[in-house]
There are 2 protein chains.
Amino acid sequence: MEEQLEYQEGRTEISHMGKVALIERLTADMEMKNATTMMGIGDDCAVMKGDGNRLTLVNTQTLVEGVNFDMMYTPLKHLGYKAVAVAISNIAAMNGTPSQVLVSVAVSNRYSVEALDELYAGLRLCCERYSVDLVGGETGTSRAGMVLTVTAVGEVLAESITYRRGAKLHDLVCCSGDLGSAYAGLLVLEREKVTYQADPNFQPDLAGYDYVLERFLKPEPRIDIVKLLAAQGVVPTAMTDISKGLADSVLHICRASGCGCEVYEEHLPIDYQTSRVCSEMSKNMLPVSCALNGGEDYELLFTINQKDYDKIKNLKEVHIIGHITEEGMPAVMVTPQNTTITLRAQAFQGIDE
Amino acid sequence: MEEQLEYQEGRTEISHMGKVALIERLTADMEMKNATTMMGIGDDCAVMKGDGNRLTLVNTQTLVEGVNFDMMYTPLKHLGYKAVAVAISNIAAMNGTPSQVLVSVAVSNRYSVEALDELYAGLRLCCERYSVDLVGGETGTSRAGMVLTVTAVGEVLAESITYRRGAKLHDLVCCSGDLGSAYAGLLVLEREKVTYQADPNFQPDLAGYDYVLERFLKPEPRIDIVKLLAAQGVVPTAMTDISKGLADSVLHICRASGCGCEVYEEHLPIDYQTSRVCSEMSKNMLPVSCALNGGEDYELLFTINQKDYDKIKNLKEVHIIGHITEEGMPAVMVTPQNTTITLRAQAFQGIDE
């Protein structure tokens with residue numbers, strides 16, 4: 001009788017294996033047996049046959065205190081809001097509309113009933129905002145801190161579903177909103193936390209950082225972009241959300257679609273407040289690094305056929321940042337000096353890891 | 001800047017509030033806005049409109065190491081199997097058939113890739129056994145131990161769905177399999193653990209306890225009972241699974257259906273091996289207590305209209321244990337001496353808490 005964790009021979013550390021490789025190893029050779037299963041592991045959601053022409057989308061996300069969020073600067077109401085937003089974002093990433101969420105919370109006795117009230121106030125606020133029904137709620141006990149799991153259910157018409165795998169040569173690469181601002185918000189919070197820990201009498205002053213803080217603490221899933229594209233009659237050829245930085249998302253689409261990609265640094269949408277935070281932090285902290293590798297923006301990255309260019313060129317919140325290149329080509333960023341930088345996934349350890 | 005957990009005024013400990021009351025407080029006055037939502041919180045699964053006459057069932061369960069399972073005596077392969085079995089059991093509890101599961105695992109660096117291989121071997125084995133597709137797999141990091149969340153998706157015809165709320169006066173109360181044996185298995189494992197902790201040279205001898213150990217470590221969801229009832233043309237009037245002991249499940253049905261209940265002690269199906277373990281443990285440990293309050297049997301508890309009696313009376317794995325009484329009457333167990341004991345939920349802290 002002993003813990004079943006030690007395999008002395010050939011023990012492989014999880015940290016030595018990339019997340020994609022790990023999931024591929026664990027789920028290799030799995031056959032799908034049910035006629036209702038349209039898509040298993042490998043995209044933002046699992047896809048099942050739904051009512052008539054509709055497909056059902058399901059996604060599960062677990063957030064662990066101390067890993068995915070820090071209670072030192074995360075108000076519980078914001079945490080609840082964000083947990084739903086992150087799950088819903090994965091529905092948007094398939095070009096779908098969210099309809100239900102199920103929540104499972106495990107907490108230690110550090111948390112009171114009133115603390116759970118705050119968490120649920122945030123969960124409910126985000127559900128109301130996006131017309132989503134909270135249909136499952138389980139509470140349990142954890143040994144340390146909070147573990148929060150949100151399962152999101154949504155739907156999409158069969159002719160509108162957008163996988164990561166559909167990008168084609170010469171497609172335009174687009175993203176919504178701006179990139180890197182959530183990470184800028186995290187940088188501000190971490191700076192204040194360090195100062196506070198050194199001097200508990202320190203009063204953090206977060207004035208003037210409203211935009212980047214809200215981007216980090218209370219992101220909005222881009223359901224509005226899904227609706228906007230539908231209104232224009234545009235179905236993207238491929239899509240995913242930007243949860244771990246632009247580089248990671250571009251690589252997901254290239255890998256799934258079997259293509260390369262060029263994005264242009266000067267076309268990346270970066271808010272001036274993101275630049276301001278970066279310049280405050282260090283001269284080595286570049287805004288473009290926040291955009292590429294910062295994560296947690298929860299914007300959408302998608303590709304469209306060039307014939308749809310006229311339909312999207314004037315959409316305020318949609319930015320054309322590059323184009324798809326041939327199979328065998330790498331995913332790169334082209335700088336204003338016309339040098340190319342190969343994209344690598346190296347997001348920080350945040351939500352949606 | 002400080003943790004948002006302390007509400008000095010009026011802090012209410014979660015442990016001072018029952019789980020049912022807590023969930024009711026957190027989810028009070030929630031409106032369902034989506035036409036596809038058929039049932040929100042308050043049963044074994046959320047229910048959504050599916051394809052044509054089918055309804056979609058979804059359920060999420062989080063299992064926390066040290067709370068819901070003990071790595072000292074839980075082989076990882078068994079844990080994976082059980083996590084899927086528990087989730088699937090909730091689909092069976094609505095008279096449904098499981099079709100997909102999504103798994104989310106967070107682990108500390110104590111776990112190796114090979115350990116996750118074992119876990120996934122168990123997850124996959126249970127999926128294969130019940131023809132369920134594993135369609136979502138996320139791995140993340142935890143600060144301590146393992147946190148495992150399984151979301152199960154299933155379906156059921158609209159005319160066959162069985163909620164907890166449908167029990168009617170004079171309905172027969174039935175259960176499947178036998179009760180209390182999983183808890184007997186836990187008692188054996190805990191006894192060996194205590195001995196081992198006192199003397200690490202102690203070699204646990206689990207021979208002769210195969211049945212109760214398997215009941216605890218590797219429960220089987222009663223999909224077979226769902227099929228058996230369908231083959232007989234029987235749709236139960238109410239159903240739930242028995243995850244926290246018979247008493248808890250009876251109370252759930254009585255509460256949801258607005259009725260009382262009488263179950264007969266002498267009709268409770270208790271295996272002789274459960275009785276043997278109890279007698280070994282202590283003369284105060286009664287087998288009927290394991291059945292009522294032990295938990296983790298994952299059998300089905302259901303009620304049927306008396307007109308269906310002939311269809312089920314000869315089914316080997318179905319036991320008629322009592323009948324439904326009027327609204328306002330309590331849920332009681334009648335002893336062989338014809339005294340009545342009011343049922344209370346007092347399950348141990350296990351999976352599916």
# chains A, B, ... in the order shown; residues from 1 in each chain; ligands from 1
call {"tool": "closest_atom_pairs", "arguments": {"of": "chain A", "to": "chain B", "cutoff": "6 Å", "atoms": "only C-alpha atoms", "output": "Markdown table"}}
result
| residue | atom | partner | partner_atom | distance |
| --- | --- | --- | --- | --- |
| A:Glu2 | CA | B:Met72 | CA | 5.3 |
| A:Glu3 | CA | B:Met72 | CA | 4.7 |
| A:Gln4 | CA | B:Pro75 | CA | 5.9 |
| A:Leu5 | CA | B:Ala115 | CA | 5.9 |
| A:Thr12 | CA | B:Val113 | CA | 5.4 |
| A:Glu13 | CA | B:Ser112 | CA | 5.0 |
| A:Ile14 | CA | B:Val113 | CA | 5.2 |
| A:Met32 | CA | B:Asp133 | CA | 5.4 |
| A:Gly40 | CA | B:Val135 | CA | 3.8 |
| A:Ile41 | CA | B:Gly136 | CA | 4.9 |
| A:Ala46 | CA | B:Val135 | CA | 5.7 |
| A:Gly50 | CA | B:Asp51 | CA | 5.0 |
| A:Asp51 | CA | B:Asp51 | CA | 3.6 |
| A:Gly52 | CA | B:Asp51 | CA | 5.8 |
| A:Met71 | CA | B:Glu3 | CA | 5.5 |
| A:Met72 | CA | B:Glu3 | CA | 4.7 |
| A:Pro75 | CA | B:Gln4 | CA | 5.9 |
| A:Ser112 | CA | B:Glu13 | CA | 5.0 |
| A:Val113 | CA | B:Ile14 | CA | 5.2 |
| A:Ala115 | CA | B:Leu5 | CA | 5.9 |
| A:Asp133 | CA | B:Met32 | CA | 5.5 |
| A:Val135 | CA | B:Gly40 | CA | 3.8 |
| A:Gly136 | CA | B:Ile41 | CA | 4.9 |
call {"tool": "select_by_dssp", "arguments": {"residues": "segment 145-316 of chain A", "states": "alpha helix (DSSP H)", "output": "number ranges by chain"}}
result
A: 181-198, 210-217, 223-231, 246-257, 272-281, 287-293, 309-312
call {"tool": "write_last_selection", "arguments": {"atoms": "C-alpha atoms", "output": "PDB file, in the first residue's frame"}}
result
ATOM      1  CA  SER A 181      -3.821  44.825 -22.854  1.00  0.00           C
ATOM      2  CA  ALA A 182      -4.888  42.037 -20.480  1.00  0.00           C
ATOM      3  CA  TYR A 183      -1.264  41.147 -19.896  1.00  0.00           C
ATOM      4  CA  ALA A 184      -0.475  44.833 -19.315  1.00  0.00           C
ATOM      5  CA  GLY A 185      -3.158  44.789 -16.626  1.00  0.00           C
ATOM      6  CA  LEU A 186      -1.563  41.743 -15.027  1.00  0.00           C
ATOM      7  CA  LEU A 187       1.832  43.482 -15.038  1.00  0.00           C
ATOM      8  CA  VAL A 188       0.347  46.430 -13.129  1.00  0.00           C
ATOM      9  CA  LEU A 189      -1.324  44.160 -10.572  1.00  0.00           C
ATOM     10  CA  GLU A 190       1.834  42.122 -10.057  1.00  0.00           C
ATOM     11  CA  ARG A 191       3.891  45.312  -9.579  1.00  0.00           C
ATOM     12  CA  GLU A 192       1.506  46.598  -6.924  1.00  0.00           C
ATOM     13  CA  LYS A 193       1.406  43.203  -5.239  1.00  0.00           C
ATOM     14  CA  VAL A 194       5.188  43.056  -4.900  1.00  0.00           C
ATOM     15  CA  THR A 195       5.270  46.575  -3.443  1.00  0.00           C
ATOM     16  CA  TYR A 196       2.461  45.718  -1.039  1.00  0.00           C
ATOM     17  CA  GLN A 197       4.159  42.523   0.101  1.00  0.00           C
ATOM     18  CA  ALA A 198       7.334  44.510   0.884  1.00  0.00           C
ATOM     19  CA  ASP A 210      -8.735  51.268 -15.657  1.00  0.00           C
ATOM     20  CA  TYR A 211      -8.657  49.959 -19.201  1.00  0.00           C
ATOM     21  CA  VAL A 212      -5.861  47.409 -18.844  1.00  0.00           C
ATOM     22  CA  LEU A 213      -7.097  46.276 -15.423  1.00  0.00           C
ATOM     23  CA  GLU A 214     -10.589  45.665 -16.728  1.00  0.00           C
ATOM     24  CA  ARG A 215      -9.165  43.795 -19.695  1.00  0.00           C
ATOM     25  CA  PHE A 216      -7.403  41.414 -17.303  1.00  0.00           C
ATOM     26  CA  LEU A 217      -9.935  41.149 -14.489  1.00  0.00           C
ATOM     27  CA  ILE A 223     -20.009  37.104 -29.009  1.00  0.00           C
ATOM     28  CA  ASP A 224     -20.583  40.489 -30.651  1.00  0.00           C
ATOM     29  CA  ILE A 225     -18.015  39.641 -33.344  1.00  0.00           C
ATOM     30  CA  VAL A 226     -19.744  36.325 -34.069  1.00  0.00           C
ATOM     31  CA  LYS A 227     -23.006  38.235 -34.570  1.00  0.00           C
ATOM     32  CA  LEU A 228     -21.327  40.955 -36.610  1.00  0.00           C
ATOM     33  CA  LEU A 229     -19.782  38.449 -39.016  1.00  0.00           C
ATOM     34  CA  ALA A 230     -23.102  36.620 -39.346  1.00  0.00           C
ATOM     35  CA  ALA A 231     -24.845  39.917 -40.136  1.00  0.00           C
ATOM     36  CA  LEU A 246      -1.528  35.669 -30.555  1.00  0.00           C
ATOM     37  CA  ALA A 247       1.436  33.414 -31.339  1.00  0.00           C
ATOM     38  CA  ASP A 248      -0.160  30.392 -29.702  1.00  0.00           C
ATOM     39  CA  SER A 249      -3.461  30.936 -31.514  1.00  0.00           C
ATOM     40  CA  VAL A 250      -1.809  31.459 -34.909  1.00  0.00           C
ATOM     41  CA  LEU A 251       0.167  28.256 -34.394  1.00  0.00           C
ATOM     42  CA  HIS A 252      -3.004  26.345 -33.496  1.00  0.00           C
ATOM     43  CA  ILE A 253      -4.677  27.397 -36.751  1.00  0.00           C
ATOM     44  CA  CYS A 254      -1.558  26.703 -38.849  1.00  0.00           C
ATOM     45  CA  ARG A 255      -1.050  23.306 -37.271  1.00  0.00           C
ATOM     46  CA  ALA A 256      -4.694  22.276 -37.656  1.00  0.00           C
ATOM     47  CA  SER A 257      -5.002  23.679 -41.190  1.00  0.00           C
ATOM     48  CA  TYR A 272      -1.711  53.044 -26.421  1.00  0.00           C
ATOM     49  CA  GLN A 273      -2.339  52.189 -22.761  1.00  0.00           C
ATOM     50  CA  THR A 274      -0.666  48.824 -23.276  1.00  0.00           C
ATOM     51  CA  SER A 275       2.348  50.667 -24.695  1.00  0.00           C
ATOM     52  CA  ARG A 276       2.333  53.080 -21.767  1.00  0.00           C
ATOM     53  CA  VAL A 277       2.375  50.264 -19.190  1.00  0.00           C
ATOM     54  CA  CYS A 278       5.203  48.535 -21.053  1.00  0.00           C
ATOM     55  CA  SER A 279       7.317  51.673 -21.125  1.00  0.00           C
ATOM     56  CA  GLU A 280       6.763  52.107 -17.373  1.00  0.00           C
ATOM     57  CA  MET A 281       7.861  48.568 -16.645  1.00  0.00           C
ATOM     58  CA  PRO A 287       4.125  45.924 -26.422  1.00  0.00           C
ATOM     59  CA  VAL A 288       4.357  43.480 -29.297  1.00  0.00           C
ATOM     60  CA  SER A 289       5.619  40.837 -26.857  1.00  0.00           C
ATOM     61  CA  CYS A 290       2.481  41.351 -24.762  1.00  0.00           C
ATOM     62  CA  ALA A 291       0.384  40.852 -27.878  1.00  0.00           C
ATOM     63  CA  LEU A 292       2.232  37.766 -29.077  1.00  0.00           C
ATOM     64  CA  ASN A 293       2.780  35.985 -25.789  1.00  0.00           C
ATOM     65  CA  TYR A 309     -12.668  41.297 -47.859  1.00  0.00           C
ATOM     66  CA  ASP A 310     -15.185  43.990 -48.804  1.00  0.00           C
ATOM     67  CA  LYS A 311     -17.615  42.739 -46.183  1.00  0.00           C
ATOM     68  CA  ILE A 312     -15.201  43.120 -43.303  1.00  0.00           C
TER      69      ILE A 312
END
call {"tool": "residues_around", "arguments": {"residues": "His323 of chain B", "least_positions_apart": "3", "cutoff": "9 Å", "atoms": "only C-alpha atoms", "output": "MDAnalysis selection string"}}
result
chainID B and resid 169:174 260:263 303 320
call {"tool": "select_by_dssp", "arguments": {"residues": "segment 207-325 of chain B", "states": "strand (DSSP E)", "output": "number ranges by chain"}}
result
B: 238-242, 260-264, 299-304, 318-325
call {"tool": "residues_around", "arguments": {"residues": "Met94 of chain A", "least_positions_apart": "3", "cutoff": "7 Å", "atoms": "only C-alpha atoms", "output": "PyMOL selection string"}}
result
chain A and resi 44+90-91+161-163+239-240
call {"tool": "write_last_selection", "arguments": {"atoms": "N, CA and C atoms", "output": "PDB file, in the first residue's frame"}}
result
ATOM      1  N   ASP A  44     -11.535  24.180 -29.953  1.00  0.00           N
ATOM      2  CA  ASP A  44     -11.935  24.934 -28.761  1.00  0.00           C
ATOM      3  C   ASP A  44     -13.088  24.267 -28.015  1.00  0.00           C
ATOM      4  N   ASN A  90     -14.796  30.176 -25.625  1.00  0.00           N
ATOM      5  CA  ASN A  90     -14.543  28.976 -26.421  1.00  0.00           C
ATOM      6  C   ASN A  90     -15.710  28.616 -27.332  1.00  0.00           C
ATOM      7  N   ILE A  91     -16.916  28.995 -26.950  1.00  0.00           N
ATOM      8  CA  ILE A  91     -18.091  28.792 -27.820  1.00  0.00           C
ATOM      9  C   ILE A  91     -18.006  29.774 -28.994  1.00  0.00           C
ATOM     10  N   ILE A 161     -20.421  26.555 -38.557  1.00  0.00           N
ATOM     11  CA  ILE A 161     -19.392  26.159 -37.592  1.00  0.00           C
ATOM     12  C   ILE A 161     -18.003  26.402 -38.172  1.00  0.00           C
ATOM     13  N   THR A 162     -17.122  26.897 -37.338  1.00  0.00           N
ATOM     14  CA  THR A 162     -15.768  27.229 -37.783  1.00  0.00           C
ATOM     15  C   THR A 162     -14.763  26.510 -36.900  1.00  0.00           C
ATOM     16  N   TYR A 163     -14.047  25.571 -37.523  1.00  0.00           N
ATOM     17  CA  TYR A 163     -13.000  24.842 -36.813  1.00  0.00           C
ATOM     18  C   TYR A 163     -11.671  25.578 -36.974  1.00  0.00           C
ATOM     19  N   MET A 239     -11.111  29.523 -37.087  1.00  0.00           N
ATOM     20  CA  MET A 239     -11.197  30.459 -35.961  1.00  0.00           C
ATOM     21  C   MET A 239     -10.750  29.785 -34.666  1.00  0.00           C
ATOM     22  N   THR A 240     -10.220  30.605 -33.763  1.00  0.00           N
ATOM     23  CA  THR A 240      -9.961  30.194 -32.381  1.00  0.00           C
ATOM     24  C   THR A 240      -9.955  31.465 -31.543  1.00  0.00           C
TER      25      THR A 240
END
call {"tool": "residues_around", "arguments": {"residues": "Leu179 of chain B", "least_positions_apart": "6", "cutoff": "7 Å", "atoms": "only C-alpha atoms", "output": "list in words"}}
result
Pro269, Ile270, Ala291 and Asp297 of chain B
call {"tool": "decode", "arguments": {"residues": "segment 190-204 of chain B", "atoms": "N, CA, C and O atoms", "output": "compact mmCIF listing (two decimals), in the first residue's frame"}}
result
# COMPACT_ATOMS: atom_id res chain seq x y z
N GLU B 190 -9.60 1.86 4.75
CA GLU B 190 -9.20 2.79 5.82
C GLU B 190 -8.55 2.03 6.97
O GLU B 190 -7.59 2.51 7.58
N ARG B 191 -9.06 0.84 7.28
CA ARG B 191 -8.46 0.04 8.35
C ARG B 191 -7.03 -0.33 8.00
O ARG B 191 -6.11 -0.18 8.82
N GLU B 192 -6.81 -0.77 6.76
CA GLU B 192 -5.46 -1.16 6.34
C GLU B 192 -4.54 0.05 6.31
O GLU B 192 -3.36 -0.03 6.65
N LYS B 193 -5.07 1.19 5.91
CA LYS B 193 -4.26 2.42 5.85
C LYS B 193 -3.76 2.81 7.24
O LYS B 193 -2.58 3.14 7.42
N VAL B 194 -4.65 2.76 8.21
CA VAL B 194 -4.28 3.13 9.57
C VAL B 194 -3.18 2.19 10.10
O VAL B 194 -2.20 2.62 10.69
N THR B 195 -3.34 0.90 9.82
CA THR B 195 -2.34 -0.06 10.27
C THR B 195 -1.00 0.19 9.59
O THR B 195 0.06 0.15 10.21
N TYR B 196 -1.07 0.47 8.28
CA TYR B 196 0.15 0.73 7.50
C TYR B 196 0.85 1.98 8.00
O TYR B 196 2.08 2.03 8.11
N GLN B 197 0.08 3.00 8.33
CA GLN B 197 0.69 4.25 8.79
C GLN B 197 1.40 4.05 10.13
O GLN B 197 2.41 4.68 10.41
N ALA B 198 0.84 3.17 10.96
CA ALA B 198 1.47 2.89 12.25
C ALA B 198 2.72 2.04 12.07
O ALA B 198 3.67 2.14 12.84
N ASP B 199 2.74 1.20 11.04
CA ASP B 199 3.86 0.30 10.81
C ASP B 199 4.10 0.14 9.32
O ASP B 199 3.49 -0.70 8.67
N PRO B 200 5.04 0.92 8.76
CA PRO B 200 5.27 0.89 7.31
C PRO B 200 5.75 -0.46 6.78
O PRO B 200 5.75 -0.67 5.58
N ASN B 201 6.14 -1.36 7.67
CA ASN B 201 6.52 -2.69 7.20
C ASN B 201 5.32 -3.62 7.06
O ASN B 201 5.43 -4.73 6.57
N PHE B 202 4.19 -3.14 7.52
CA PHE B 202 2.96 -3.91 7.45
C PHE B 202 2.57 -4.14 5.99
O PHE B 202 2.60 -3.23 5.17
N GLN B 203 2.27 -5.39 5.68
CA GLN B 203 1.81 -5.70 4.33
C GLN B 203 0.31 -5.90 4.35
O GLN B 203 -0.19 -6.89 4.89
N PRO B 204 -0.43 -4.98 3.77
CA PRO B 204 -1.89 -5.12 3.80
C PRO B 204 -2.32 -6.41 3.10
O PRO B 204 -1.78 -6.77 2.06
